Amino acid sequence: MKPSGAKEESLADLIFDVVRQIPKGRVSTYGAIAAVLDLPNPRMVGRAMRSVDDKGRKVPAQRVINSAGRITGDHPESRRALLEKKASK
(Lines give C-alpha, C1' and ligand atoms only; values in the text may rest on other atoms or scores of the structure.)
Protein backbone atom coordinates (compact mmCIF):
# COMPACT_ATOMS: atom_id res chain seq x y z
CA MET A 1 0.00 0.00 0.00
CA LYS A 2 1.31 3.43 -0.90
CA PRO A 3 1.43 6.22 1.71
CA SER A 4 -1.57 7.81 -0.05
CA GLY A 5 -3.59 4.68 0.68
CA ALA A 6 -3.68 3.62 -2.98
CA LYS A 7 -2.98 -0.01 -3.76
CA GLU A 8 0.46 -0.70 -5.23
CA GLU A 9 0.42 -2.60 -8.46
CA SER A 10 2.78 -5.50 -8.87
CA LEU A 11 4.87 -5.86 -11.99
CA ALA A 12 2.61 -8.71 -13.10
CA ASP A 13 -0.44 -6.45 -12.75
CA LEU A 14 1.23 -3.80 -14.92
CA ILE A 15 2.08 -6.41 -17.55
CA PHE A 16 -1.49 -7.77 -17.49
CA ASP A 17 -2.85 -4.24 -17.98
CA VAL A 18 -0.71 -3.80 -21.10
CA VAL A 19 -1.77 -7.19 -22.48
CA ARG A 20 -5.44 -6.35 -21.93
CA GLN A 21 -4.96 -3.31 -24.20
CA ILE A 22 -3.96 -5.46 -27.21
CA PRO A 23 -7.00 -5.32 -29.54
CA LYS A 24 -8.90 -8.49 -30.44
CA GLY A 25 -7.39 -10.17 -33.46
CA ARG A 26 -4.00 -8.50 -32.93
CA VAL A 27 -0.85 -9.73 -31.20
CA SER A 28 2.20 -8.26 -29.53
CA THR A 29 5.54 -9.70 -28.52
CA TYR A 30 7.10 -10.23 -25.13
CA GLY A 31 9.82 -7.78 -26.19
CA ALA A 32 7.38 -5.05 -27.21
CA ILE A 33 5.55 -5.32 -23.90
CA ALA A 34 8.87 -5.20 -22.03
CA ALA A 35 9.83 -2.09 -23.99
CA VAL A 36 6.54 -0.34 -23.14
CA LEU A 37 7.18 -0.95 -19.45
CA ASP A 38 10.92 -0.20 -19.72
CA LEU A 39 11.84 -3.68 -18.51
CA PRO A 40 15.39 -4.91 -19.10
CA ASN A 41 14.40 -8.39 -20.27
CA PRO A 42 11.35 -9.80 -22.13
CA ARG A 43 11.60 -12.92 -19.99
CA MET A 44 10.11 -10.88 -17.17
CA VAL A 45 6.95 -10.63 -19.27
CA GLY A 46 7.05 -14.36 -19.91
CA ARG A 47 7.29 -15.12 -16.20
CA ALA A 48 4.29 -12.94 -15.47
CA MET A 49 2.28 -14.47 -18.31
CA ARG A 50 3.06 -17.94 -16.97
CA SER A 51 1.23 -16.98 -13.77
CA VAL A 52 -2.00 -15.83 -15.46
CA ASP A 53 -3.85 -19.08 -14.79
CA ASP A 54 -2.50 -19.33 -11.24
CA LYS A 55 -3.97 -15.97 -10.32
CA GLY A 56 -7.34 -16.60 -12.02
CA ARG A 57 -7.18 -13.29 -13.85
CA LYS A 58 -8.79 -12.58 -17.20
CA VAL A 59 -5.81 -11.82 -19.40
CA PRO A 60 -5.80 -12.60 -23.15
CA ALA A 61 -2.50 -14.49 -23.02
CA GLN A 62 -3.02 -15.83 -26.54
CA ARG A 63 -2.27 -12.33 -27.88
CA VAL A 64 1.37 -12.47 -26.74
CA ILE A 65 3.85 -14.18 -29.07
CA ASN A 66 7.60 -14.52 -29.25
CA SER A 67 9.89 -12.50 -31.52
CA ALA A 68 9.78 -15.25 -34.16
CA GLY A 69 5.99 -14.92 -34.38
CA ARG A 70 5.25 -18.17 -32.57
CA ILE A 71 2.78 -18.81 -29.82
CA THR A 72 4.71 -20.16 -26.86
CA GLY A 73 3.95 -21.20 -23.31
CA ASP A 74 1.52 -23.78 -22.03
CA HIS A 75 -1.04 -25.23 -24.43
CA PRO A 76 0.04 -23.41 -27.61
CA GLU A 77 -2.53 -25.28 -29.72
CA SER A 78 -5.47 -24.11 -27.62
CA ARG A 79 -4.05 -20.57 -27.48
CA ARG A 80 -3.74 -20.56 -31.30
CA ALA A 81 -7.33 -21.78 -31.70
CA LEU A 82 -8.59 -19.10 -29.32
CA LEU A 83 -6.64 -16.39 -31.15
CA GLU A 84 -7.97 -17.54 -34.54
CA LYS A 85 -11.52 -17.72 -33.20
CA LYS A 86 -11.39 -14.18 -31.82
CA ALA A 87 -9.76 -12.85 -35.01
CA SER A 88 -12.53 -14.23 -37.20
CA LYS A 89 -15.29 -12.41 -35.28
# chains A, B, ... in the order shown; residues from 1 in each chain; ligands from 1
call {"tool": "residues_around", "arguments": {"residues": "Leu11 (chain A)", "least_positions_apart": "3", "cutoff": "12 Å", "atoms": "only C-alpha atoms", "output": "number ranges by chain"}}
result
A: 8, 14-18, 33-34, 37-39, 44-49, 51
call {"tool": "write_last_selection", "arguments": {"atoms": "N, CA and C atoms", "output": "PDB file, in the first residue's frame"}}
result
ATOM      1  N   GLU A   8      -0.696  -0.596  -4.338  1.00  0.00           N
ATOM      2  CA  GLU A   8       0.457  -0.696  -5.230  1.00  0.00           C
ATOM      3  C   GLU A   8       0.199  -1.819  -6.223  1.00  0.00           C
ATOM      4  N   LEU A  14       0.923  -4.767 -13.870  1.00  0.00           N
ATOM      5  CA  LEU A  14       1.231  -3.798 -14.922  1.00  0.00           C
ATOM      6  C   LEU A  14       1.321  -4.492 -16.282  1.00  0.00           C
ATOM      7  N   ILE A  15       1.958  -5.648 -16.315  1.00  0.00           N
ATOM      8  CA  ILE A  15       2.077  -6.410 -17.554  1.00  0.00           C
ATOM      9  C   ILE A  15       0.694  -6.842 -18.035  1.00  0.00           C
ATOM     10  N   PHE A  16      -0.136  -7.337 -17.122  1.00  0.00           N
ATOM     11  CA  PHE A  16      -1.485  -7.769 -17.495  1.00  0.00           C
ATOM     12  C   PHE A  16      -2.297  -6.603 -18.044  1.00  0.00           C
ATOM     13  N   ASP A  17      -2.136  -5.428 -17.478  1.00  0.00           N
ATOM     14  CA  ASP A  17      -2.850  -4.244 -17.976  1.00  0.00           C
ATOM     15  C   ASP A  17      -2.455  -3.931 -19.419  1.00  0.00           C
ATOM     16  N   VAL A  18      -1.169  -4.053 -19.733  1.00  0.00           N
ATOM     17  CA  VAL A  18      -0.707  -3.802 -21.098  1.00  0.00           C
ATOM     18  C   VAL A  18      -1.281  -4.857 -22.045  1.00  0.00           C
ATOM     19  N   ILE A  33       6.178  -5.613 -25.197  1.00  0.00           N
ATOM     20  CA  ILE A  33       5.551  -5.323 -23.898  1.00  0.00           C
ATOM     21  C   ILE A  33       6.625  -4.898 -22.898  1.00  0.00           C
ATOM     22  N   ALA A  34       7.762  -5.586 -22.916  1.00  0.00           N
ATOM     23  CA  ALA A  34       8.872  -5.203 -22.028  1.00  0.00           C
ATOM     24  C   ALA A  34       9.333  -3.785 -22.335  1.00  0.00           C
ATOM     25  N   LEU A  37       7.043  -1.089 -20.904  1.00  0.00           N
ATOM     26  CA  LEU A  37       7.185  -0.948 -19.450  1.00  0.00           C
ATOM     27  C   LEU A  37       8.621  -0.672 -19.020  1.00  0.00           C
ATOM     28  N   ASP A  38       9.516  -0.485 -19.990  1.00  0.00           N
ATOM     29  CA  ASP A  38      10.919  -0.203 -19.724  1.00  0.00           C
ATOM     30  C   ASP A  38      11.559  -1.296 -18.870  1.00  0.00           C
ATOM     31  N   LEU A  39      11.256  -2.540 -19.207  1.00  0.00           N
ATOM     32  CA  LEU A  39      11.840  -3.679 -18.506  1.00  0.00           C
ATOM     33  C   LEU A  39      13.121  -4.104 -19.215  1.00  0.00           C
ATOM     34  N   MET A  44      10.911 -11.335 -18.310  1.00  0.00           N
ATOM     35  CA  MET A  44      10.108 -10.880 -17.167  1.00  0.00           C
ATOM     36  C   MET A  44       8.624 -10.913 -17.546  1.00  0.00           C
ATOM     37  N   VAL A  45       8.332 -10.569 -18.780  1.00  0.00           N
ATOM     38  CA  VAL A  45       6.946 -10.627 -19.268  1.00  0.00           C
ATOM     39  C   VAL A  45       6.504 -12.080 -19.334  1.00  0.00           C
ATOM     40  N   GLY A  46       7.372 -12.941 -19.828  1.00  0.00           N
ATOM     41  CA  GLY A  46       7.055 -14.362 -19.905  1.00  0.00           C
ATOM     42  C   GLY A  46       6.748 -14.968 -18.552  1.00  0.00           C
ATOM     43  N   ARG A  47       7.528 -14.600 -17.558  1.00  0.00           N
ATOM     44  CA  ARG A  47       7.286 -15.121 -16.205  1.00  0.00           C
ATOM     45  C   ARG A  47       5.927 -14.682 -15.677  1.00  0.00           C
ATOM     46  N   ALA A  48       5.589 -13.428 -15.923  1.00  0.00           N
ATOM     47  CA  ALA A  48       4.288 -12.937 -15.468  1.00  0.00           C
ATOM     48  C   ALA A  48       3.162 -13.645 -16.212  1.00  0.00           C
ATOM     49  N   MET A  49       3.334 -13.827 -17.517  1.00  0.00           N
ATOM     50  CA  MET A  49       2.284 -14.469 -18.309  1.00  0.00           C
ATOM     51  C   MET A  49       2.085 -15.920 -17.896  1.00  0.00           C
ATOM     52  N   SER A  51       2.026 -16.948 -14.999  1.00  0.00           N
ATOM     53  CA  SER A  51       1.227 -16.983 -13.769  1.00  0.00           C
ATOM     54  C   SER A  51      -0.228 -16.561 -13.976  1.00  0.00           C
TER      55      SER A  51
END
call {"tool": "residues_around", "arguments": {"residues": "His75 (chain A)", "least_positions_apart": "4", "cutoff": "12 Å", "atoms": "only C-alpha atoms", "output": "list of chain:residue names"}}
result
A:Arg50, A:Asp53, A:Ala61, A:Gln62, A:Ile71, A:Arg79, A:Arg80, A:Ala81, A:Leu82
call {"tool": "write_last_selection", "arguments": {"atoms": "N, CA and C atoms", "output": "short mmCIF file (atom, residue, chain, number, x, y, z; two decimals), in the first residue's frame"}}
result
data_model
loop_
_atom_site.label_atom_id
_atom_site.label_comp_id
_atom_site.auth_asym_id
_atom_site.auth_seq_id
_atom_site.Cartn_x
_atom_site.Cartn_y
_atom_site.Cartn_z
N ARG A 50 3.16 -16.56 -17.44
CA ARG A 50 3.06 -17.94 -16.97
C ARG A 50 2.15 -18.04 -15.74
N ASP A 53 -2.88 -18.09 -15.24
CA ASP A 53 -3.85 -19.08 -14.79
C ASP A 53 -3.82 -19.27 -13.28
N ALA A 61 -3.88 -14.04 -22.84
CA ALA A 61 -2.50 -14.49 -23.02
C ALA A 61 -2.21 -14.94 -24.44
N GLN A 62 -3.23 -15.36 -25.17
CA GLN A 62 -3.02 -15.83 -26.54
C GLN A 62 -2.56 -14.70 -27.46
N ILE A 71 3.48 -18.76 -31.10
CA ILE A 71 2.78 -18.81 -29.82
C ILE A 71 3.55 -19.79 -28.94
N ARG A 79 -4.22 -22.03 -27.40
CA ARG A 79 -4.05 -20.57 -27.48
C ARG A 79 -4.19 -20.11 -28.93
N ARG A 80 -3.63 -20.89 -29.88
CA ARG A 80 -3.74 -20.56 -31.30
C ARG A 80 -5.21 -20.61 -31.75
N ALA A 81 -5.91 -21.65 -31.33
CA ALA A 81 -7.33 -21.78 -31.70
C ALA A 81 -8.15 -20.61 -31.14
N LEU A 82 -7.87 -20.22 -29.93
CA LEU A 82 -8.59 -19.10 -29.32
C LEU A 82 -8.27 -17.81 -30.05
#
call {"tool": "closest_residue", "arguments": {"among": "A:Val52, A:Asp13, A:Thr29, A:Lys24", "to": "Val64 (chain A)", "atoms": "only C-alpha atoms"}}
result
A:Thr29
call {"tool": "select_by_dssp", "arguments": {"residues": "chain A", "states": "alpha helix (DSSP H)", "output": "PyMOL selection string"}}
result
chain A and resi 11-20+30-36+43-50+52-55+76-88
call {"tool": "closest_residue", "arguments": {"among": "A:Lys85, A:Arg70, A:Arg63, A:Arg43", "to": "Gln21 (chain A)", "atoms": "only C-alpha atoms"}}
result
A:Arg63
